[in-house]
Amino acid sequence: MKNRIDIYPSIWRIIGIILAGSLFVVGCYLRTIHPRAGIDKLIGYFGIVFFSLVVIIGFVWLILSAMRKPLARIYDNRLEYLIPAKMKYEIIPFLYVEMFVTVKVGAKLIRADYLTGVSKNTGIVNTLVPVGKVCDMLNERLEKFWSQPMLSQPLNRAFVTKYLLTMGIEPWCFDFDTTSKPDCMVVMRDGDRYKLIYIDDRGAGKTLSNHLTENDACRALLENFIEEEVFKSQHGLK
């Protein structure tokens, strides 16, 4: 993809992890055969197991690097980071994010701070990449995302329509104040309130959410399609 930035783990950092882990395994093994005290053997065996896992993880990342599997992918509207155990990418849409920060949780890593006040740690850690530099790249993309006219001001149907069409969403997939389109998401005015409705293939409507303002209803419509696009990307459907 043209605007995608792929973040790969540093080969030298991975090799460093493998070598350091191997040295610690040897050190722990020597501790088991030449214990100074009874507990030394226990510590040695525990160390062998722990640092062997570190070495294995290092080799996993080495293989993934050889396969050209990015640690993270930065798009114009989201971050995707790899979870090796699942061989899947976890996705964080920028629409939910206030900013990205670096924090120390054992290792230094990147955390996404959401607009709702909660936060989420990513799998981007300083043992594999320079997290400060990657964090700056993420915040730069995030700033560009929020500087878009349709997102930097109150949302209405004109802005949302423009944004969804820019995303490549077909015009028949969404509408406003109508129930005549099958298989369509609709923002419907209901008195002095608004609701987001899904019209199925048979023309039956299902209310998905209720909102006090058009801005909130339009945002719900936008979020619905962003989540759908994220799902398609995550499962290889697009």
# chains A, B, ... in the order shown; residues from 1 in each chain; ligands from 1

call {"tool": "residues_around", "arguments": {"residues": "Asn139 (chain A)", "least_positions_apart": "3", "cutoff": "9 Å", "atoms": "only C-alpha atoms", "output": "list in words"}}
result
Met99, Phe100, Val101, Val134, Cys135, Asp136, Leu142, Glu143 and Lys144 of chain A

call {"tool": "residues_around", "arguments": {"residues": "Val25 (chain A)", "least_positions_apart": "3", "cutoff": "7 Å", "atoms": "only C-alpha atoms", "output": "list in words"}}
result
Gly21, Ser22, Cys28, Tyr29, Gly47, Ile48, Phe51 and Ser52 of chain A

call {"tool": "residues_around", "arguments": {"residues": "Leu165 (chain A)", "least_positions_apart": "5", "cutoff": "12 Å", "atoms": "only C-alpha atoms", "output": "short mmCIF file (atom, residue, chain, number, x, y, z; two decimals) with C-alpha atoms, in the first residue's frame"}}
result
data_model
loop_
_atom_site.label_atom_id
_atom_site.label_comp_id
_atom_site.auth_asym_id
_atom_site.auth_seq_id
_atom_site.Cartn_x
_atom_site.Cartn_y
_atom_site.Cartn_z
CA ARG A 157 -23.79 14.03 6.84
CA ALA A 158 -21.88 15.98 4.17
CA PHE A 159 -18.49 15.43 5.81
CA VAL A 160 -19.21 11.79 6.66
CA GLU A 170 -20.03 2.24 -1.91
CA PRO A 171 -22.79 4.91 -1.83
CA TRP A 172 -25.51 2.27 -1.49
CA CYS A 173 -23.99 1.03 1.79
CA PHE A 174 -25.07 4.10 3.79
CA ASP A 175 -27.65 6.87 3.73
CA LEU A 222 -18.18 6.39 10.55
CA PHE A 225 -17.44 1.33 8.67
#

call {"tool": "closest_residue", "arguments": {"among": "A:Ser180, A:Thr213, A:Asn3, A:Ser65", "to": "Arg78 (chain A)", "atoms": "only C-alpha atoms"}}
result
A:Asn3

call {"tool": "closest_residue", "arguments": {"among": "A:Tyr45, A:Ile5, A:Val55, A:Lys181", "to": "Ile18 (chain A)", "atoms": "only C-alpha atoms"}}
result
A:Val55
